[in-house]
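Structure data (mmCIF, C-alpha atoms and all ligand atoms) from query20.cif:
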data_model
#
loop_
_atom_site.label_atom_id
_atom_site.label_comp_id
_atom_site.auth_asym_id
_atom_site.auth_seq_id
_atom_site.Cartn_x
_atom_site.Cartn_y
_atom_site.Cartn_z
CA MET A 1 203.14 19.78 -49.56
CA LYS A 2 204.78 16.40 -50.12
CA LEU A 3 208.56 16.41 -50.32
CA GLY A 4 210.53 14.28 -52.75
CA GLY A 5 213.62 12.32 -51.65
CA PHE A 6 216.05 15.02 -52.70
CA ASP A 7 214.02 17.79 -51.02
CA ARG A 8 213.86 15.77 -47.84
CA LEU A 9 217.62 15.38 -47.91
CA ALA A 10 218.09 19.07 -48.53
CA GLN A 11 215.74 19.90 -45.68
CA ALA A 12 217.54 17.48 -43.33
CA SER A 13 220.89 19.06 -44.12
CA ARG A 14 219.42 22.52 -43.52
CA THR A 15 218.16 21.54 -40.09
CA MET A 16 221.55 20.07 -39.22
CA ARG A 17 223.32 23.36 -39.84
CA VAL A 18 224.39 25.13 -36.65
CA ASN A 19 222.69 28.38 -35.78
CA LEU A 20 225.43 30.98 -35.25
CA LEU A 21 223.14 32.90 -32.86
CA ASP A 22 223.84 30.08 -30.41
CA PHE A 23 227.47 31.17 -29.89
CA ASP A 24 229.09 33.89 -27.86
CA ARG A 25 232.31 35.18 -29.42
CA ASP A 26 234.50 32.53 -27.76
CA GLY A 27 232.12 29.86 -29.03
CA LEU A 28 232.27 31.31 -32.52
CA ILE A 29 236.07 31.42 -32.36
CA ARG A 30 236.08 27.70 -31.49
CA HIS A 31 233.61 26.96 -34.26
CA CYS A 32 235.67 28.87 -36.83
CA SER A 33 238.85 27.20 -35.65
CA ASP A 34 237.19 23.83 -36.44
CA LEU A 35 236.71 25.20 -39.95
CA GLY A 36 240.42 26.09 -40.07
CA GLU A 37 239.90 29.84 -39.57
CA LYS A 38 241.74 32.34 -37.39
CA PRO A 39 240.07 34.02 -34.38
CA PHE A 40 239.87 37.45 -36.01
CA ARG A 41 237.68 35.96 -38.75
CA ALA A 42 235.22 34.83 -36.09
CA THR A 43 235.19 38.36 -34.68
CA GLN A 44 234.44 39.80 -38.14
CA LEU A 45 231.61 37.30 -38.56
CA PHE A 46 230.26 38.09 -35.09
CA ARG A 47 230.18 41.81 -35.96
CA TRP A 48 228.35 41.18 -39.22
CA ILE A 49 225.68 39.22 -37.40
CA HIS A 50 225.15 41.24 -34.24
CA GLN A 51 226.28 44.78 -35.09
CA ARG A 52 225.08 44.94 -38.67
CA GLY A 53 222.20 42.50 -38.57
CA VAL A 54 223.34 40.62 -41.68
CA VAL A 55 222.29 36.98 -41.98
CA ASP A 56 223.27 36.20 -45.55
CA PHE A 57 226.92 35.10 -45.75
CA SER A 58 227.19 36.26 -49.35
CA ASN A 59 226.72 39.87 -48.15
CA MET A 60 229.61 39.65 -45.68
CA THR A 61 231.94 41.25 -48.15
CA ASP A 62 235.20 41.30 -46.20
CA LEU A 63 235.15 37.54 -45.57
CA ALA A 64 237.04 35.37 -48.06
CA GLN A 65 234.86 33.57 -50.59
CA SER A 66 236.19 30.23 -49.31
CA LEU A 67 235.01 30.97 -45.77
CA ARG A 68 231.62 32.15 -47.01
CA SER A 69 231.15 28.86 -48.86
CA LYS A 70 232.20 26.82 -45.84
CA LEU A 71 229.73 28.75 -43.70
CA SER A 72 226.86 28.36 -46.14
CA ALA A 73 227.36 24.60 -46.09
CA SER A 74 227.59 24.18 -42.32
CA ALA A 75 225.81 27.08 -40.64
CA HIS A 76 223.06 29.66 -40.78
CA VAL A 77 221.85 32.66 -38.81
CA HIS A 78 218.32 31.79 -37.86
CA ALA A 79 216.23 34.46 -36.11
CA LEU A 80 212.75 33.88 -34.69
CA PRO A 81 209.59 34.26 -36.78
CA VAL A 82 207.50 37.20 -35.56
CA ILE A 83 203.87 36.29 -34.97
CA SER A 84 202.77 39.81 -34.12
CA GLN A 85 203.96 43.27 -33.20
CA HIS A 86 201.86 45.59 -31.06
CA ASP A 87 202.68 49.28 -30.81
CA SER A 88 201.44 51.08 -27.72
CA ALA A 89 200.38 54.71 -27.76
CA ASP A 90 203.28 55.48 -25.37
CA GLY A 91 205.93 54.07 -27.75
CA THR A 92 206.23 50.68 -26.06
CA ILE A 93 206.42 47.81 -28.55
CA LYS A 94 205.60 44.19 -27.81
CA TRP A 95 206.68 41.35 -30.09
CA LEU A 96 205.32 37.83 -29.97
CA PHE A 97 207.84 35.32 -31.36
CA ASP A 98 207.13 31.79 -32.48
CA VAL A 99 209.45 29.22 -30.86
CA GLY A 100 207.74 26.18 -32.39
CA ASP A 101 205.35 23.47 -31.20
CA GLY A 102 202.64 26.01 -30.41
CA ASN A 103 204.87 27.97 -28.01
CA ALA A 104 205.41 31.70 -28.22
CA VAL A 105 207.46 34.16 -26.16
CA GLU A 106 207.28 37.90 -25.81
CA SER A 107 209.74 40.79 -25.68
CA VAL A 108 208.92 44.38 -24.84
CA PHE A 109 210.78 47.54 -25.89
CA ILE A 110 210.36 50.50 -23.56
CA PRO A 111 211.68 53.84 -24.85
CA GLU A 112 212.56 56.56 -22.35
CA ASP A 113 214.25 59.94 -22.75
CA ASP A 114 217.71 58.75 -21.76
CA ARG A 115 217.60 55.06 -22.63
CA GLY A 116 215.95 52.27 -24.57
CA THR A 117 215.22 49.12 -22.59
CA LEU A 118 214.38 45.69 -23.94
CA CYS A 119 212.67 43.18 -21.67
CA VAL A 120 213.69 39.69 -22.80
CA SER A 121 212.21 36.22 -22.14
CA SER A 122 214.31 33.24 -21.05
CA GLN A 123 211.78 30.38 -21.10
CA ALA A 124 208.46 29.45 -22.70
CA GLY A 125 206.33 29.52 -19.56
CA CYS A 126 207.86 29.22 -16.09
CA ALA A 127 208.08 26.42 -13.54
CA VAL A 128 208.25 28.65 -10.44
CA GLY A 129 204.52 29.37 -10.46
CA CYS A 130 204.25 32.66 -8.54
CA ARG A 131 200.69 33.44 -7.55
CA PHE A 132 200.58 36.94 -9.03
CA CYS A 133 202.24 36.12 -12.37
CA SER A 134 200.40 35.18 -15.51
CA THR A 135 203.45 33.39 -16.98
CA GLY A 136 203.58 31.33 -13.78
CA HIS A 137 199.92 30.38 -14.15
CA GLN A 138 200.59 29.18 -17.67
CA GLY A 139 203.06 26.50 -16.48
CA PHE A 140 206.39 25.49 -17.96
CA SER A 141 206.88 24.48 -21.60
CA ARG A 142 210.62 24.57 -22.17
CA ASN A 143 213.90 26.43 -21.88
CA LEU A 144 214.86 28.79 -24.70
CA SER A 145 218.19 28.21 -26.44
CA THR A 146 220.91 30.88 -26.46
CA ALA A 147 219.89 31.63 -30.06
CA GLU A 148 216.24 32.11 -29.06
CA ILE A 149 217.21 34.49 -26.25
CA LEU A 150 219.56 36.50 -28.48
CA ALA A 151 217.18 36.48 -31.44
CA GLN A 152 214.80 38.68 -29.43
CA LEU A 153 217.47 41.38 -29.02
CA TRP A 154 218.79 40.88 -32.55
CA HIS A 155 215.33 41.40 -34.03
CA ALA A 156 214.36 44.35 -31.84
CA GLU A 157 217.65 46.23 -32.28
CA HIS A 158 217.79 45.88 -36.05
CA PHE A 159 214.08 46.56 -36.51
CA LEU A 160 214.40 49.77 -34.48
CA ARG A 161 217.52 50.88 -36.37
CA ARG A 162 215.78 50.35 -39.70
CA ARG A 163 212.81 52.32 -38.44
CA GLN A 164 214.93 55.26 -37.26
CA GLY A 165 216.88 55.11 -40.50
CA SER A 166 220.35 55.06 -38.94
CA ASP A 167 222.93 52.64 -37.59
CA GLU A 168 223.00 54.27 -34.19
CA ARG A 169 222.39 51.91 -31.28
CA VAL A 170 218.82 52.00 -29.95
CA ILE A 171 218.77 49.49 -27.10
CA SER A 172 221.02 50.60 -24.23
CA ASN A 173 219.58 48.41 -21.46
CA VAL A 174 218.41 44.80 -21.31
CA VAL A 175 216.40 43.33 -18.47
CA MET A 176 215.83 39.57 -18.25
CA MET A 177 212.32 40.21 -16.95
CA GLY A 178 210.15 38.72 -19.66
CA MET A 179 208.72 35.23 -19.46
CA GLY A 180 210.59 32.63 -17.46
CA GLU A 181 213.12 32.29 -14.66
CA PRO A 182 216.52 33.05 -16.24
CA LEU A 183 218.49 31.26 -13.53
CA GLN A 184 216.62 28.03 -14.26
CA ASN A 185 218.01 28.23 -17.80
CA TYR A 186 221.56 29.04 -16.82
CA HIS A 187 223.52 27.26 -19.57
CA ALA A 188 221.71 29.06 -22.36
CA LEU A 189 221.62 32.34 -20.47
CA VAL A 190 225.35 32.93 -19.92
CA PRO A 191 226.51 32.93 -23.59
CA ALA A 192 223.55 35.20 -24.38
CA LEU A 193 224.59 37.65 -21.64
CA ARG A 194 228.21 37.57 -22.83
CA THR A 195 227.12 38.45 -26.36
CA MET A 196 225.04 41.35 -25.06
CA LEU A 197 228.08 42.66 -23.12
CA ASP A 198 230.61 42.09 -25.89
CA ASP A 199 231.90 45.27 -27.54
CA HIS A 200 231.86 43.39 -30.84
CA GLY A 201 228.25 42.36 -30.12
CA TYR A 202 225.76 44.75 -28.49
CA GLY A 203 228.21 46.56 -26.17
CA ILE A 204 225.74 46.84 -23.31
CA SER A 205 227.48 47.80 -20.09
CA ARG A 206 227.48 45.49 -17.09
CA ARG A 207 225.29 47.78 -15.01
CA ARG A 208 222.75 48.19 -17.81
CA LEU A 209 222.19 44.45 -18.14
CA THR A 210 219.95 43.06 -15.40
CA VAL A 211 219.10 39.48 -14.53
CA SER A 212 215.93 39.25 -12.48
CA THR A 213 215.42 36.13 -10.37
CA SER A 214 212.85 34.72 -7.99
CA GLY A 215 215.81 33.51 -5.90
CA VAL A 216 217.59 30.43 -7.30
CA VAL A 217 220.36 30.61 -4.69
CA PRO A 218 223.04 28.28 -6.15
CA MET A 219 222.78 29.96 -9.55
CA ILE A 220 223.12 33.45 -8.03
CA ASP A 221 226.54 32.27 -6.81
CA ARG A 222 227.47 30.93 -10.22
CA LEU A 223 226.40 34.11 -11.96
CA ALA A 224 228.65 36.11 -9.62
CA GLN A 225 231.60 34.05 -10.85
CA ASP A 226 230.71 33.64 -14.54
CA CYS A 227 229.08 36.92 -15.52
CA PRO A 228 228.45 39.45 -12.73
CA VAL A 229 225.80 41.68 -14.29
CA ALA A 230 223.26 43.74 -12.33
CA LEU A 231 221.03 41.57 -10.15
CA ALA A 232 217.36 42.10 -9.34
CA VAL A 233 215.69 39.82 -6.82
CA SER A 234 211.92 39.41 -6.82
CA LEU A 235 211.19 39.58 -3.13
CA HIS A 236 207.47 40.39 -2.69
CA ALA A 237 207.35 39.55 1.03
CA PRO A 238 209.40 40.23 4.17
CA THR A 239 208.78 36.86 5.89
CA ASP A 240 209.08 33.21 4.87
CA GLU A 241 205.53 32.62 5.96
CA LEU A 242 204.14 35.07 3.42
CA ARG A 243 206.75 34.52 0.70
CA ASP A 244 206.09 30.76 0.73
CA THR A 245 202.55 31.49 -0.45
CA LEU A 246 203.51 33.99 -3.18
CA VAL A 247 206.83 32.70 -4.57
CA PRO A 248 206.85 28.91 -4.10
CA ILE A 249 210.62 28.57 -4.66
CA ASN A 250 210.99 30.22 -1.24
CA ARG A 251 210.25 26.83 0.35
CA LYS A 252 213.44 25.54 -1.22
CA TYR A 253 215.60 28.66 -0.71
CA PRO A 254 214.18 30.61 2.23
CA LEU A 255 214.88 34.28 2.90
CA ALA A 256 217.94 33.82 5.16
CA GLU A 257 219.69 31.84 2.41
CA LEU A 258 218.57 34.26 -0.27
CA MET A 259 219.90 37.27 1.65
CA GLN A 260 223.23 35.50 2.25
CA ALA A 261 223.47 34.84 -1.49
CA CYS A 262 222.83 38.54 -2.14
CA LEU A 263 225.72 39.44 0.18
CA ARG A 264 228.01 37.01 -1.60
CA TYR A 265 226.94 38.48 -4.94
CA LEU A 266 227.85 41.96 -3.73
CA ASP A 267 231.22 40.69 -2.49
CA ALA A 268 231.98 39.74 -6.10
CA ALA A 269 230.83 43.18 -7.34
CA PRO A 270 231.41 45.45 -4.35
CA ARG A 271 230.41 48.79 -5.83
CA ASP A 272 226.99 47.51 -6.77
CA PHE A 273 223.63 47.11 -5.07
CA ILE A 274 220.82 44.60 -5.39
CA THR A 275 217.48 45.81 -6.70
CA PHE A 276 214.63 44.19 -4.81
CA GLU A 277 211.41 44.03 -6.77
CA TYR A 278 208.20 44.06 -4.83
CA CYS A 279 204.82 43.57 -6.44
CA MET A 280 202.22 45.58 -4.49
CA LEU A 281 199.17 43.43 -3.73
CA ASP A 282 196.22 45.03 -2.02
CA GLY A 283 195.84 43.81 1.58
CA VAL A 284 198.41 41.03 1.09
CA ASN A 285 201.89 42.58 1.36
CA ASP A 286 201.33 46.34 1.29
CA GLN A 287 200.90 47.31 4.97
CA PRO A 288 203.33 49.47 7.03
CA SER A 289 204.29 46.35 9.02
CA HIS A 290 205.48 44.74 5.77
CA ALA A 291 207.62 47.79 4.97
CA GLN A 292 209.15 47.62 8.47
CA GLY A 293 209.74 43.89 7.93
CA LEU A 294 211.66 44.67 4.73
CA ILE A 295 213.84 47.21 6.50
CA ASP A 296 214.70 44.67 9.22
CA LEU A 297 215.40 42.01 6.61
CA MET A 298 217.81 44.29 4.73
CA ARG A 299 219.64 45.29 7.91
CA HIS A 300 219.78 42.01 9.81
CA GLY A 301 218.48 39.21 7.54
CA ALA A 302 221.95 38.23 6.39
CA GLY A 303 223.91 39.14 9.51
CA ARG A 304 225.19 42.39 7.99
CA GLY A 305 223.47 45.02 5.87
CA VAL A 306 222.76 44.43 2.18
CA SER A 307 223.26 47.33 -0.21
CA ALA A 308 219.74 47.56 -1.59
CA LYS A 309 217.35 49.56 -3.73
CA PHE A 310 213.64 48.87 -3.98
CA ASN A 311 211.48 48.83 -7.04
CA LEU A 312 207.78 48.70 -6.19
CA ILE A 313 205.63 47.30 -8.99
CA PRO A 314 201.91 48.00 -8.78
CA PHE A 315 200.33 44.61 -9.46
CA ASN A 316 199.10 44.17 -13.01
CA PRO A 317 195.93 42.16 -12.66
CA PHE A 318 194.93 39.26 -14.88
CA PRO A 319 191.67 37.37 -14.59
CA ALA A 320 192.81 34.08 -12.97
CA SER A 321 194.84 35.68 -10.16
CA GLY A 322 192.09 36.66 -7.74
CA LEU A 323 194.38 39.46 -6.50
CA ARG A 324 194.02 43.24 -6.56
CA ARG A 325 196.44 46.11 -7.15
CA SER A 326 197.26 48.28 -4.13
CA ASP A 327 195.93 51.78 -4.58
CA ALA A 328 198.35 54.54 -5.49
CA ARG A 329 198.26 56.15 -2.00
CA GLN A 330 199.14 52.87 -0.35
CA VAL A 331 202.05 52.40 -2.73
CA GLN A 332 203.30 55.95 -2.02
CA ALA A 333 203.08 55.46 1.75
CA PHE A 334 204.99 52.18 1.49
CA ALA A 335 207.65 53.81 -0.66
CA GLN A 336 207.96 56.66 1.86
CA CYS A 337 208.58 54.21 4.76
CA LEU A 338 211.49 52.64 2.88
CA GLN A 339 212.81 55.99 1.73
CA ASP A 340 212.72 57.42 5.26
CA GLN A 341 215.06 54.63 6.30
CA GLY A 342 217.53 55.54 3.58
CA PHE A 343 216.60 53.01 0.88
CA VAL A 344 216.35 54.42 -2.62
CA THR A 345 212.88 53.38 -3.76
CA THR A 346 211.24 53.75 -7.13
CA VAL A 347 207.70 52.96 -8.17
CA ARG A 348 207.62 51.32 -11.54
CA LYS A 349 205.53 53.12 -14.11
CA THR A 350 203.17 50.92 -15.97
CA ARG A 351 204.00 51.11 -19.64
CA GLY A 352 202.22 49.60 -22.57
CA ASP A 353 199.24 48.36 -20.60
CA ASP A 354 196.99 49.09 -23.58
CA ILE A 355 198.76 46.19 -25.30
CA ASP A 356 199.14 43.91 -22.23
CA ALA A 357 202.90 44.48 -22.18
CA ALA A 358 203.22 45.31 -18.48
CA CYS A 359 205.14 43.14 -15.99
CA GLY A 360 203.53 39.81 -15.37
CA GLN A 361 201.07 40.15 -18.22
CA LEU A 362 203.29 38.28 -20.63
CA ALA A 363 201.74 34.93 -21.23
CA GLY A 364 202.57 34.37 -24.89
CA ASP A 365 198.92 34.91 -25.73
CA VAL A 366 197.83 31.70 -24.03
CA LYS A 367 194.31 31.79 -25.41
CA ASP A 368 195.60 31.65 -28.95
CA ARG A 369 198.48 29.30 -28.44
CA THR A 370 197.01 26.37 -30.28
CA ASP A 371 196.51 28.70 -33.19
CA VAL A 372 200.09 29.89 -33.47
CA SER A 373 200.86 27.88 -36.59
CA LYS A 374 197.69 29.10 -38.28
CA ARG A 375 198.44 32.72 -37.46
CA MET A 376 201.98 32.26 -38.75
CA THR A 377 200.65 32.11 -42.26
CA ARG A 378 199.34 35.66 -41.93
CA ALA A 379 201.47 38.77 -42.09
CA PRO A 380 202.49 40.25 -38.72
CA ILE A 381 199.65 42.18 -37.15
CA ILE A 382 200.57 45.74 -36.30
CA ILE A 383 198.11 47.31 -33.94
CA THR A 384 198.36 50.98 -33.15
CA PRO A 385 195.71 51.93 -30.63
CA SER A 386 193.84 55.10 -31.40
CA THR A 387 193.11 55.89 -27.74
CA PRO A 388 195.88 56.91 -25.33
CA SER A 389 196.86 54.31 -22.75
CA HIS A 390 195.77 54.70 -19.13
CA HIS A 391 198.96 55.00 -17.16
CA ASP A 392 199.01 55.21 -13.44
CA HIS A 393 201.70 57.86 -13.22
N1 LIG A 401 211.29 35.15 -13.30
C1 LIG A 401 212.01 36.32 -13.00
C2 LIG A 401 211.96 37.35 -14.09
C3 LIG A 401 210.66 37.55 -14.81
S1 LIG A 401 209.35 38.31 -13.93
C4 LIG A 401 211.53 36.92 -11.70
O1 LIG A 401 210.54 36.48 -11.16
O2 LIG A 401 212.23 37.80 -11.20
C5 LIG A 401 209.82 40.02 -13.89
C6 LIG A 401 209.21 40.79 -12.72
O3 LIG A 401 207.79 40.97 -12.91
C7 LIG A 401 209.36 40.07 -11.39
O4 LIG A 401 209.78 40.93 -10.38
C8 LIG A 401 207.97 39.59 -11.14
O5 LIG A 401 207.76 39.35 -9.79
C9 LIG A 401 207.12 40.70 -11.69
N2 LIG A 401 205.73 40.33 -11.92
C10 LIG A 401 205.26 39.13 -12.30
N3 LIG A 401 203.92 39.17 -12.42
C11 LIG A 401 203.53 40.44 -12.14
C12 LIG A 401 202.27 41.10 -12.11
N4 LIG A 401 201.13 40.48 -12.44
N5 LIG A 401 202.25 42.41 -11.79
C13 LIG A 401 203.39 43.06 -11.52
N6 LIG A 401 204.61 42.48 -11.51
C14 LIG A 401 204.68 41.18 -11.82
FE1 LIG A 402 208.30 32.73 -13.06
FE2 LIG A 402 209.14 35.20 -12.46
FE3 LIG A 402 206.56 34.72 -13.07
FE4 LIG A 402 207.55 33.86 -10.75
S1 LIG A 402 207.34 36.01 -11.40
S2 LIG A 402 206.27 32.68 -12.16
S3 LIG A 402 209.62 33.30 -11.35
S4 LIG A 402 208.30 34.49 -14.44
#

Re-express the file's structure as structure tokens.
Ligand code: SAH
Ligand code: SF4
Amino acid sequence: MKLGGFDRLAQASRTMRVNLLDFDRDGLIRHCSDLGEKPFRATQLFRWIHQRGVVDFSNMTDLAQSLRSKLSASAHVHALPVISQHDSADGTIKWLFDVGDGNAVESVFIPEDDRGTLCVSSQAGCAVGCRFCSTGHQGFSRNLSTAEILAQLWHAEHFLRRRQGSDERVISNVVMMGMGEPLQNYHALVPALRTMLDDHGYGISRRRLTVSTSGVVPMIDRLAQDCPVALAVSLHAPTDELRDTLVPINRKYPLAELMQACLRYLDAAPRDFITFEYCMLDGVNDQPSHAQGLIDLMRHGAGRGVSAKFNLIPFNPFPASGLRRSDARQVQAFAQCLQDQGFVTTVRKTRGDDIDAACGQLAGDVKDRTDVSKRMTRAPIIITPSTPSHHDH
């Protein structure tokens, strides 16, 4: 379609409008103050957007008409287009969102009896390049904006509320464990986390909001100061020699430094613990000697003991990895070693593997990426598998 001069102007002014999903509440207060509005107006606006899922200013009935007009001229609430939604037989839902230029990111909702968890992406691709991770194999495209991070939660929460037919909160936990390394996108991450925590936003408690990192040491320290949420560290190996080959960022921030950073993080949040994630790779890192190595690392690696829990993740294979999943007995034996030494250890259940929604399988549908714009013209695809998924629990 060819645009006339006026249309082009109108389109340019639309693209210049600020996206209000880019602001935490303090940011919105500053923005509203520039428009000559009081802080409590910003809080009302924030609640309309995040708690009620309203994007159209004309429906925000308790805001003065003058403010609504000012907002319509200068701002919008722009969520992410959904390319597809896949529903797993076990209730897990995976969304693929379009972030432009042929890039897509994924979010996964995992319902459990006592909670609803959303796994959120922080980047399109990832620059860390871990050997066992399909996002890592895809390479790095770009950082997501605060709005693009929050839009995943905004969409999921309000979709799920509509589906259940009530305004009750559905998502109680958020884990930054989708695509990307959140601590390599720090500036966009922090306002998104603050909005998730905000009682006028999503009201998620500090211990139910987890940032997972491959170990970006300086940013672990900054997070402790700026927004001390729950921290998960992707460890995967007890020695530098092995970790260098699995998680390349280890060459920059080796284990001794990483463990020291964990101690400092706990000093800022003393009643907490660090969750160490450990992807179980057959014959690579799953032997009893590796478990013993982990125990030593926790006790002595940082000079004093680190308050730790372990989360073992059976490797989710993808074709290009050349790696295999440890068998269930091996995983159990490994877990028992850690447990016998007093470390609380869980084995992560694989959820949604019938829709490729398990850890490390999120690759934004690489095969189809060039086709994203074409697929955008179709309605979202909803796939409900007729066969039950094959869980390993
Ligand atoms: N970049 C961050 C967060 C995203 S990855 C990080 O690395 O921590 C979330 C978790 O999934 C990490 O613990 C990661 O190591 C794990 N993971 C990645 N690929 C996996 C795979 N193929 N199988 C199982 N777990 C995987
Ligand atoms: Fe990046 Fe995390 Fe995947 Fe490593 S495991 S490549 S840090 S997303």

Would you mind listing what lies within 10 Å of Ala320 of chain A as number ranges by chain, with only C-alpha atoms counted and same-chain residues fewer than 5 positions away left out? A: 131-134, 137

Excluding Gly27 of chain A and residues on its chain fewer than 6 positions from it, collect all residues at most 12 Å away from it, counting all atoms listed in the file, and give them as a compact mmCIF listing (two decimals) with C-alpha atoms, in the frame of the given file.
# COMPACT_ATOMS: atom_id res chain seq x y z
CA VAL A 18 224.39 25.13 -36.65
CA ASN A 19 222.69 28.38 -35.78
CA LEU A 20 225.43 30.98 -35.25
CA LEU A 21 223.14 32.90 -32.86
CA SER A 33 238.85 27.20 -35.65
CA ASP A 34 237.19 23.83 -36.44
CA PRO A 39 240.07 34.02 -34.38
CA ALA A 42 235.22 34.83 -36.09
CA THR A 43 235.19 38.36 -34.68
CA PHE A 46 230.26 38.09 -35.09
CA THR A 146 220.91 30.88 -26.46
CA VAL A 190 225.35 32.93 -19.92
CA PRO A 191 226.51 32.93 -23.59
CA ALA A 192 223.55 35.20 -24.38
CA ARG A 194 228.21 37.57 -22.83
CA THR A 195 227.12 38.45 -26.36

So that each row is one residue of chain A with an atom at most 7 Å from ligand LIG 401 (chain A), can you give its shortest atom pair and the distance in Å to one decimal, using only C-alpha atoms and all ligand atoms, rows by chain and rising number, as a Markdown table?
| residue | atom | partner | partner_atom | distance |
| --- | --- | --- | --- | --- |
| A:Phe132 | CA | A:LIG401 | N4 | 4.9 |
| A:Cys133 | CA | A:LIG401 | N3 | 3.5 |
| A:Ser134 | CA | A:LIG401 | N3 | 6.2 |
| A:Met176 | CA | A:LIG401 | C2 | 6.1 |
| A:Met177 | CA | A:LIG401 | C3 | 3.8 |
| A:Gly178 | CA | A:LIG401 | C3 | 5.0 |
| A:Met179 | CA | A:LIG401 | C3 | 5.5 |
| A:Gly180 | CA | A:LIG401 | N1 | 4.9 |
| A:Glu181 | CA | A:LIG401 | N1 | 3.7 |
| A:Pro182 | CA | A:LIG401 | N1 | 6.4 |
| A:Ser212 | CA | A:LIG401 | O2 | 4.2 |
| A:Thr213 | CA | A:LIG401 | O2 | 3.7 |
| A:Ser214 | CA | A:LIG401 | O1 | 4.3 |
| A:Ala232 | CA | A:LIG401 | O2 | 6.9 |
| A:Val233 | CA | A:LIG401 | O2 | 5.9 |
| A:Ser234 | CA | A:LIG401 | O4 | 4.4 |
| A:Glu277 | CA | A:LIG401 | O4 | 5.0 |
| A:Tyr278 | CA | A:LIG401 | O4 | 6.6 |
| A:Cys279 | CA | A:LIG401 | N6 | 5.2 |
| A:Ile313 | CA | A:LIG401 | C13 | 5.4 |
| A:Pro314 | CA | A:LIG401 | C13 | 5.8 |
| A:Phe315 | CA | A:LIG401 | N5 | 3.7 |
| A:Asn316 | CA | A:LIG401 | N5 | 3.8 |
| A:Pro317 | CA | A:LIG401 | N4 | 5.5 |
| A:Phe318 | CA | A:LIG401 | N4 | 6.8 |
| A:Cys359 | CA | A:LIG401 | N6 | 4.6 |
| A:Gly360 | CA | A:LIG401 | N3 | 3.0 |
| A:Gln361 | CA | A:LIG401 | N4 | 5.8 |

Write out as JSON lines the residues of segment 28-95 of chain A that have any atom within 12 Å of an atom of segment 109-112 of chain A, one row each with the nearest atom pair and its distance in Å to one decimal, counting all atoms listed in the file, sorted by chain and then rising number.
{"residue": "A:Gln85", "atom": "CA", "partner": "A:Phe109", "partner_atom": "CA", "distance": 10.9}
{"residue": "A:His86", "atom": "CA", "partner": "A:Phe109", "partner_atom": "CA", "distance": 10.5}
{"residue": "A:Asp87", "atom": "CA", "partner": "A:Phe109", "partner_atom": "CA", "distance": 9.6}
{"residue": "A:Ser88", "atom": "CA", "partner": "A:Ile110", "partner_atom": "CA", "distance": 9.9}
{"residue": "A:Ala89", "atom": "CA", "partner": "A:Ile110", "partner_atom": "CA", "distance": 11.6}
{"residue": "A:Asp90", "atom": "CA", "partner": "A:Pro111", "partner_atom": "CA", "distance": 8.6}
{"residue": "A:Gly91", "atom": "CA", "partner": "A:Pro111", "partner_atom": "CA", "distance": 6.4}
{"residue": "A:Thr92", "atom": "CA", "partner": "A:Ile110", "partner_atom": "CA", "distance": 4.8}
{"residue": "A:Ile93", "atom": "CA", "partner": "A:Phe109", "partner_atom": "CA", "distance": 5.1}
{"residue": "A:Lys94", "atom": "CA", "partner": "A:Phe109", "partner_atom": "CA", "distance": 6.5}
{"residue": "A:Trp95", "atom": "CA", "partner": "A:Phe109", "partner_atom": "CA", "distance": 8.5}

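Closest approach to ligand LIG 402 (chain A) among A:Asp340, A:Glu106, A:Asp198, A:Asp286 is made by A:Glu106 (distances from only C-alpha atoms and all ligand atoms).
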
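Note that atom CA of Ser166 of chain A and atom CA of His76 of chain A are 25.6 Å apart.
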
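Our summary of the geometry notes that atom CA of Gly293 of chain A is positioned 26.0 Å from atom CA of Ala269 of chain A.
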
The distance between atom CA of Asp114 of chain A and atom CA of Glu168 of chain A is 14.2 Å

Nearest to Arg304 of chain A, restricted to all atoms listed in the file and choosing among A:Gln138, A:Ser66, A:Ser289, A:Gln260, comes out as A:Gln260

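Of the residues under consideration (A:Leu263, A:Leu71, A:Val211, A:Leu28), A:Leu71 shows the shortest atom-to-atom contact distance to Val55 of chain A when counting all atoms listed in the file.
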
So which one's closest to Asn250 of chain A, A:Pro238, A:Phe276, A:Asp167, A:Leu223? Using only C-alpha atoms, please. A:Pro238

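Of the listed residues (A:Asp267, A:Val128, A:Arg299, A:Leu144), A:Val128 comes nearest to Gly215 of chain A; the distances count all atoms listed in the file.
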
Residue contacts of Gln51 of chain A (6 Å, all atoms listed in the file) excluding same-chain residues fewer than 3 positions away, as a PyMOL selection string: chain A and resi 47-48+201

Taking 6 positions as the minimum chain separation for residues in the same chain, which residues sit within 9 Å of Pro288 of chain A when counting all atoms listed in the file? Answer as a count of residues only. 3
